[in-house]
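Report on one structure; see the data block that follows.
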Amino acid sequence: MKSHLLIRFLTVLPLAAASGCDSGALMEPAEITTQSAQATLGFIFDSTAIATPPTGGIPTTLLPRTAFDAAALQGSLVGTTEPFTQTETVGARADLESQSWTLERDPSEGQVLVLNKVPSGPETPQEPAVLQRTALARLQRWGIPTAELGLVRQVKSFSQGEDDGALEAPSLHRHKTFVMRAINGIRVEGHRAVVSHGPDGSFQRALISWPALARTGHLLRTRLTTAQIEERARTALQAEGETTGPVRLSWKYVPSQLSTGEWALTLKVSARMPAITGTTSTEEPRVVDVDVSAVP
């Protein structure tokens, strides 16, 4: 019996904890208070990434809401002149199909899925930097401006077959370009585009979450000092049951939808603790949002 497993991220092209134990012995209240006070000092903060507070505003040029119109998606994102037929509508989401393409769009959420019905051809030599530039050009032709582009990563995914318990050699499945949304260099949580090319370099898929931003209503800055943010991070981590360990602080914008259907951004700080690998399990990195009393 033959099955396949997908493996990702084999190629990338990028644009101190204290411990203790519970002896079970009874403790005096004064001793408990002292140990609790010491625990609050147990976090080691790396605040390098928030040393410079945000000062920029919303860029003049933004992805327009009209980018989610069917004509713009078909002509600028997919890049085809094939006629599309709407096959299904659920709320704001619509499914469309042409001879070679499947397109799903949800303008209210700023989400798009493009699928090529024509399979990729055999693997041919591809230059990762060229594929990355091609993917970015497609997104910018659709309407994403340079001012909204953040981190870009070019990766490969591989599939591996299994036949009667024997693993076959991995084969290239996709070239993927991950593009993160950022405003003034600060990432926007949850917003990104993934453009996939086949082993032959053909455009095969795009999965996009990039809703249109409002012109007003954003909270992009904070008046808090680094020390005040660290104190708030300490409180937020303790509320989540953490007591000690290294913590990396970084800025991020959290989106929320307005009554107009557009989206506004609120500045927060991400407090990230590293993954913990034990003998039998691995605990994922702990990430806690920190409120910084953001202002316009």
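In the structure tokens, the first chain shown is A, the next is B, and so on; residue numbers restart at 1 for each chain, and ligands run from 1 in the order shown.
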Next item on the list: Compile the contact shell of Leu207 (chain A) as JSON, numbers by chain: residues with an atom at most 12 Å away, counting only C-alpha atoms, same-chain residues fewer than 6 positions apart removed.
Entry: {"A": [77, 78, 102, 103, 104, 105, 106, 110, 111, 112, 113, 114, 115, 116, 135, 139, 176, 177, 178, 179, 191, 192, 193, 194, 195, 196]}
Check: Skipping near chain neighbours, those fewer than 3 positions away, what residues fall within 10 Å of region 80-88 of chain A using only C-alpha atoms, listed as a PyMOL selection string?
Finding: chain A and resi 70-71+73-77+91+93-104
Selection file, all heavy atoms, as a compact mmCIF listing (two decimals), in the first residue's frame:
# COMPACT_ATOMS: atom_id res chain seq x y z
N ALA A 70 -13.58 40.26 -8.43
CA ALA A 70 -13.27 39.09 -9.26
C ALA A 70 -12.36 39.45 -10.44
O ALA A 70 -11.41 38.72 -10.74
CB ALA A 70 -14.57 38.46 -9.76
N ALA A 71 -12.63 40.57 -11.08
CA ALA A 71 -11.83 40.95 -12.25
C ALA A 71 -10.38 41.20 -11.88
O ALA A 71 -9.46 40.80 -12.61
CB ALA A 71 -12.43 42.20 -12.90
N LEU A 73 -8.73 39.96 -9.29
CA LEU A 73 -8.10 38.68 -8.92
C LEU A 73 -7.76 37.85 -10.14
O LEU A 73 -6.67 37.28 -10.25
CB LEU A 73 -9.03 37.90 -7.99
CG LEU A 73 -9.23 38.48 -6.58
CD1 LEU A 73 -10.37 37.77 -5.88
CD2 LEU A 73 -7.95 38.35 -5.77
N GLN A 74 -8.68 37.79 -11.08
CA GLN A 74 -8.47 36.96 -12.27
C GLN A 74 -7.37 37.53 -13.17
O GLN A 74 -6.50 36.81 -13.64
CB GLN A 74 -9.78 36.83 -13.04
CG GLN A 74 -10.87 36.09 -12.28
CD GLN A 74 -12.25 36.34 -12.84
OE1 GLN A 74 -12.41 36.73 -14.00
NE2 GLN A 74 -13.27 36.13 -12.02
N GLY A 75 -7.40 38.85 -13.39
CA GLY A 75 -6.46 39.45 -14.31
C GLY A 75 -5.10 39.73 -13.72
O GLY A 75 -4.07 39.49 -14.36
N SER A 76 -5.08 40.24 -12.46
CA SER A 76 -3.82 40.69 -11.86
C SER A 76 -3.14 39.64 -11.00
O SER A 76 -1.92 39.51 -11.03
CB SER A 76 -4.07 41.96 -11.03
OG SER A 76 -4.58 42.99 -11.83
N LEU A 77 -3.92 38.88 -10.23
CA LEU A 77 -3.31 37.87 -9.36
C LEU A 77 -3.10 36.56 -10.10
O LEU A 77 -1.98 36.04 -10.17
CB LEU A 77 -4.17 37.64 -8.11
CG LEU A 77 -3.60 36.66 -7.09
CD1 LEU A 77 -2.26 37.15 -6.55
CD2 LEU A 77 -4.58 36.42 -5.94
N GLY A 91 -22.24 33.39 2.37
CA GLY A 91 -21.97 34.68 3.00
C GLY A 91 -21.20 35.57 2.04
O GLY A 91 -21.58 35.76 0.88
N ARG A 93 -18.19 34.85 1.03
CA ARG A 93 -17.25 34.02 0.29
C ARG A 93 -17.87 33.53 -1.02
O ARG A 93 -19.02 33.12 -1.06
CB ARG A 93 -16.82 32.81 1.10
CG ARG A 93 -15.57 32.12 0.58
CD ARG A 93 -15.45 30.72 1.14
NE ARG A 93 -16.28 29.77 0.39
CZ ARG A 93 -16.60 28.56 0.82
NH1 ARG A 93 -16.19 28.15 2.00
NH2 ARG A 93 -17.33 27.75 0.08
N ALA A 94 -17.07 33.59 -2.08
CA ALA A 94 -17.53 33.12 -3.38
C ALA A 94 -16.48 32.21 -3.99
O ALA A 94 -15.28 32.46 -3.89
CB ALA A 94 -17.80 34.30 -4.31
N ASP A 95 -16.94 31.13 -4.62
CA ASP A 95 -16.06 30.19 -5.33
C ASP A 95 -16.28 30.36 -6.83
O ASP A 95 -17.42 30.40 -7.30
CB ASP A 95 -16.38 28.75 -4.93
CG ASP A 95 -16.12 28.49 -3.45
OD1 ASP A 95 -15.53 29.36 -2.79
OD2 ASP A 95 -16.52 27.42 -2.98
N LEU A 96 -15.17 30.46 -7.58
CA LEU A 96 -15.24 30.62 -9.03
C LEU A 96 -14.31 29.62 -9.69
O LEU A 96 -13.30 29.23 -9.12
CB LEU A 96 -14.85 32.04 -9.44
CG LEU A 96 -15.65 33.20 -8.82
CD1 LEU A 96 -14.89 33.76 -7.62
CD2 LEU A 96 -15.88 34.30 -9.85
N GLU A 97 -14.68 29.23 -10.91
CA GLU A 97 -13.84 28.27 -11.64
C GLU A 97 -13.76 28.66 -13.11
O GLU A 97 -14.71 29.18 -13.69
CB GLU A 97 -14.41 26.85 -11.52
CG GLU A 97 -14.25 26.25 -10.14
CD GLU A 97 -14.31 24.73 -10.16
OE1 GLU A 97 -13.92 24.14 -11.19
OE2 GLU A 97 -14.73 24.15 -9.16
N SER A 98 -12.59 28.37 -13.68
CA SER A 98 -12.40 28.47 -15.13
C SER A 98 -11.88 27.13 -15.61
O SER A 98 -11.80 26.17 -14.84
CB SER A 98 -11.41 29.59 -15.46
OG SER A 98 -10.08 29.21 -15.10
N GLN A 99 -11.49 27.06 -16.84
CA GLN A 99 -10.98 25.80 -17.36
C GLN A 99 -9.74 25.33 -16.62
O GLN A 99 -9.57 24.13 -16.37
CB GLN A 99 -10.66 25.95 -18.86
CG GLN A 99 -10.12 24.67 -19.50
CD GLN A 99 -9.83 24.86 -20.97
OE1 GLN A 99 -10.19 25.87 -21.56
NE2 GLN A 99 -9.19 23.87 -21.57
N SER A 100 -8.87 26.27 -16.23
CA SER A 100 -7.58 25.90 -15.63
C SER A 100 -7.43 26.28 -14.17
O SER A 100 -6.45 25.86 -13.54
CB SER A 100 -6.44 26.55 -16.43
OG SER A 100 -6.52 26.25 -17.81
N TRP A 101 -8.38 27.07 -13.62
CA TRP A 101 -8.16 27.63 -12.30
C TRP A 101 -9.38 27.49 -11.41
O TRP A 101 -10.52 27.52 -11.88
CB TRP A 101 -7.80 29.11 -12.40
CG TRP A 101 -6.56 29.37 -13.20
CD1 TRP A 101 -6.49 29.65 -14.53
CD2 TRP A 101 -5.22 29.34 -12.71
NE1 TRP A 101 -5.19 29.80 -14.92
CE2 TRP A 101 -4.38 29.62 -13.83
CE3 TRP A 101 -4.64 29.11 -11.47
CZ2 TRP A 101 -3.00 29.68 -13.73
CZ3 TRP A 101 -3.27 29.17 -11.36
CH2 TRP A 101 -2.46 29.45 -12.47
N THR A 102 -9.12 27.37 -10.10
CA THR A 102 -10.14 27.48 -9.06
C THR A 102 -9.78 28.68 -8.20
O THR A 102 -8.62 28.85 -7.80
CB THR A 102 -10.20 26.22 -8.18
OG1 THR A 102 -10.60 25.10 -8.99
CG2 THR A 102 -11.19 26.39 -7.05
N LEU A 103 -10.78 29.51 -7.91
CA LEU A 103 -10.54 30.75 -7.16
C LEU A 103 -11.58 30.87 -6.06
O LEU A 103 -12.78 30.78 -6.32
CB LEU A 103 -10.61 31.94 -8.11
CG LEU A 103 -10.53 33.35 -7.52
CD1 LEU A 103 -9.19 33.56 -6.83
CD2 LEU A 103 -10.73 34.39 -8.62
N GLU A 104 -11.12 31.06 -4.83
CA GLU A 104 -12.01 31.34 -3.71
C GLU A 104 -11.64 32.70 -3.14
O GLU A 104 -10.47 32.99 -2.94
CB GLU A 104 -11.86 30.27 -2.62
CG GLU A 104 -12.25 28.87 -3.06
CD GLU A 104 -12.05 27.85 -1.94
OE1 GLU A 104 -11.84 28.28 -0.78
OE2 GLU A 104 -12.09 26.65 -2.22
Item checked: Given only C-alpha atoms as the counted atoms, nearest of A:Pro246, A:Pro211, A:Pro255, A:Pro122 to Ser171 (chain A) -> A:Pro122
Residues of region 27-143 of chain A at most 12 Å from region 147-162 of chain A: nearest atom pair and distance in Å, only C-alpha atoms, as CSV:
residue,atom,partner,partner_atom,distance
A:Gly56,CA,A:Ala147,CA,11.5
A:Gly57,CA,A:Ala147,CA,11.1
A:Ile58,CA,A:Ala147,CA,9.2
A:Pro59,CA,A:Ala147,CA,6.4
A:Thr60,CA,A:Ala147,CA,8.6
A:Thr61,CA,A:Ala147,CA,7.3
A:Leu62,CA,A:Glu148,CA,7.2
A:Leu63,CA,A:Glu148,CA,8.2
A:Pro64,CA,A:Glu148,CA,11.9
A:Glu123,CA,A:Phe158,CA,12.0
A:Gln126,CA,A:Lys156,CA,11.1
A:Glu127,CA,A:Gln154,CA,10.5
A:Pro128,CA,A:Gln154,CA,6.7
A:Ala129,CA,A:Gln154,CA,7.8
A:Val130,CA,A:Gln154,CA,10.1
A:Leu131,CA,A:Gln154,CA,8.1
A:Gln132,CA,A:Gln154,CA,6.3
A:Arg133,CA,A:Gln154,CA,9.9
A:Thr134,CA,A:Gln154,CA,11.4
A:Ala135,CA,A:Gln154,CA,9.8
A:Leu136,CA,A:Val152,CA,9.0
A:Ala137,CA,A:Leu149,CA,11.8
A:Leu139,CA,A:Leu149,CA,10.0
A:Gln140,CA,A:Leu149,CA,9.5
A:Gly143,CA,A:Glu148,CA,10.3
Next item on the list: Would you mind reading off the distance between CA of Ala294 (chain A) and CA of Ala275 (chain A), one decimal, in Å?
Entry: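 It comes out at 28.7 Å.
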Where in region 15-210 of chain A does DSSP assign helix (DSSP H, G or I), given as a PDB file with C-alpha atoms, in the first residue's frame?
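And here's part.pdb as it stands now:
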ATOM      1  CA  PRO A  29       3.832  32.519  55.333  1.00  0.00           C
ATOM      2  CA  ALA A  30       6.889  34.792  55.488  1.00  0.00           C
ATOM      3  CA  GLU A  31       8.948  32.225  53.583  1.00  0.00           C
ATOM      4  CA  ILE A  32       6.224  31.907  50.939  1.00  0.00           C
ATOM      5  CA  THR A  33       6.092  35.672  50.502  1.00  0.00           C
ATOM      6  CA  THR A  34       9.880  35.855  50.115  1.00  0.00           C
ATOM      7  CA  GLN A  35       9.971  33.095  47.508  1.00  0.00           C
ATOM      8  CA  SER A  36       7.087  34.702  45.580  1.00  0.00           C
ATOM      9  CA  ALA A  37       8.947  37.989  45.497  1.00  0.00           C
ATOM     10  CA  GLN A  38      12.033  36.212  44.192  1.00  0.00           C
ATOM     11  CA  ALA A  39       9.971  34.476  41.508  1.00  0.00           C
ATOM     12  CA  THR A  48      16.538  44.817  22.154  1.00  0.00           C
ATOM     13  CA  ALA A  49      13.726  44.637  19.605  1.00  0.00           C
ATOM     14  CA  ILE A  50      11.589  47.222  21.441  1.00  0.00           C
ATOM     15  CA  ARG A  65     -10.491  46.851  -1.274  1.00  0.00           C
ATOM     16  CA  THR A  66     -11.108  46.638  -5.021  1.00  0.00           C
ATOM     17  CA  ALA A  67      -8.210  44.158  -5.222  1.00  0.00           C
ATOM     18  CA  PHE A  68     -10.681  41.500  -4.055  1.00  0.00           C
ATOM     19  CA  ALA A  70     -13.274  39.086  -9.263  1.00  0.00           C
ATOM     20  CA  ALA A  71     -11.834  40.954 -12.247  1.00  0.00           C
ATOM     21  CA  ALA A  72      -8.772  42.142 -10.318  1.00  0.00           C
ATOM     22  CA  LEU A  73      -8.104  38.685  -8.916  1.00  0.00           C
ATOM     23  CA  GLN A  74      -8.469  36.957 -12.269  1.00  0.00           C
ATOM     24  CA  GLY A  75      -6.462  39.447 -14.315  1.00  0.00           C
ATOM     25  CA  SER A  76      -3.817  40.693 -11.864  1.00  0.00           C
ATOM     26  CA  LEU A  77      -3.309  37.870  -9.356  1.00  0.00           C
ATOM     27  CA  VAL A  78      -4.051  34.751 -11.402  1.00  0.00           C
ATOM     28  CA  PRO A 128      15.247  30.349  -5.622  1.00  0.00           C
ATOM     29  CA  ALA A 129      15.979  34.087  -5.897  1.00  0.00           C
ATOM     30  CA  VAL A 130      14.232  34.237  -9.269  1.00  0.00           C
ATOM     31  CA  LEU A 131      11.163  32.392  -7.941  1.00  0.00           C
ATOM     32  CA  GLN A 132      11.028  34.798  -4.999  1.00  0.00           C
ATOM     33  CA  ARG A 133      11.167  37.837  -7.263  1.00  0.00           C
ATOM     34  CA  THR A 134       8.492  36.309  -9.497  1.00  0.00           C
ATOM     35  CA  ALA A 135       6.175  35.709  -6.521  1.00  0.00           C
ATOM     36  CA  LEU A 136       6.680  39.243  -5.207  1.00  0.00           C
ATOM     37  CA  ALA A 137       6.033  40.697  -8.648  1.00  0.00           C
ATOM     38  CA  ARG A 138       2.736  38.784  -8.815  1.00  0.00           C
ATOM     39  CA  LEU A 139       1.610  40.119  -5.436  1.00  0.00           C
ATOM     40  CA  GLN A 140       2.643  43.673  -6.287  1.00  0.00           C
ATOM     41  CA  ARG A 141       0.882  43.506  -9.667  1.00  0.00           C
ATOM     42  CA  TRP A 142      -2.246  42.505  -7.754  1.00  0.00           C
ATOM     43  CA  THR A 146       6.197  47.770  -1.077  1.00  0.00           C
ATOM     44  CA  ALA A 147       5.250  49.674   2.089  1.00  0.00           C
ATOM     45  CA  GLU A 148       3.251  46.651   3.303  1.00  0.00           C
TER      46      GLU A 148
END
Check: What separation in Å, quoted to one decimal, exists between CA of Val290 (chain A) and CA of Leu249 (chain A)?
Finding: 9.3 Å
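Relative to CA of Arg187 (chain A), CA of Arg286 (chain A) is found at 18.3 Å.
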Next item on the list: Counting only C-alpha atoms, figure out which residue out of A:Val295, A:Ala271, A:Leu224, A:Val254 gets nearest to Glu240 (chain A).
Entry: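 For Glu240 (chain A), the nearest of the candidates is A:Ala271.
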Next item on the list: Pick out the residues sitting within 9 Å of Ser108 (chain A), and hand them over as an MDAnalysis selection string; count only C-alpha atoms, and ignore anything fewer than 6 positions along from it in its own chain.
Entry: chainID A and resid 92:93 211:212 257 261:262
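For region 28-144 of chain A, the set of residues given strand (DSSP E) by DSSP on the backbone reads Phe43, Ile44, Phe45, Asp46, Thr85, Gln86, Thr87, Glu88, Thr89, Val90, Arg93, Ala94, Asp95, Leu96, Glu97, Trp101, Thr102, Leu103, Glu104, Arg105, Asp106, Gln111, Val112, Leu113, Val114, Leu115 and Asn116 of chain A.
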For Gly198 (chain A): contacts at 7 Å, only C-alpha atoms, fewer than 6 positions along chain excluded, given as a tab-separated table (two decimals) with N, CA and C atoms, in the first residue's frame:
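After the write, out_21.tsv holds the following:
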chain	number	residue	atom	x	y	z
A	120	SER	N	1.86	20.45	-12.18
A	120	SER	CA	3.21	20.85	-12.55
A	120	SER	C	3.86	19.79	-13.43
A	173	HIS	N	8.17	18.86	-4.02
A	173	HIS	CA	6.73	19.05	-4.17
A	173	HIS	C	6.40	20.47	-4.62
A	174	ARG	N	6.96	21.47	-3.94
A	174	ARG	CA	6.67	22.87	-4.25
A	174	ARG	C	7.86	23.76	-3.88
A	175	HIS	N	7.97	24.86	-4.60
A	175	HIS	CA	8.76	26.02	-4.18
A	175	HIS	C	7.76	27.02	-3.57
A	204	GLN	N	1.40	27.51	-9.22
A	204	GLN	CA	0.46	26.46	-8.87
A	204	GLN	C	-0.58	26.87	-7.83
Note to self: Restricting the calculation to only C-alpha atoms: of A:His218, A:Gly79, A:Pro125, A:Asp69, which residue gets closest to Trp263 (chain A)?
What the structure shows: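 The answer is A:His218, which sits nearest to Trp263 (chain A).
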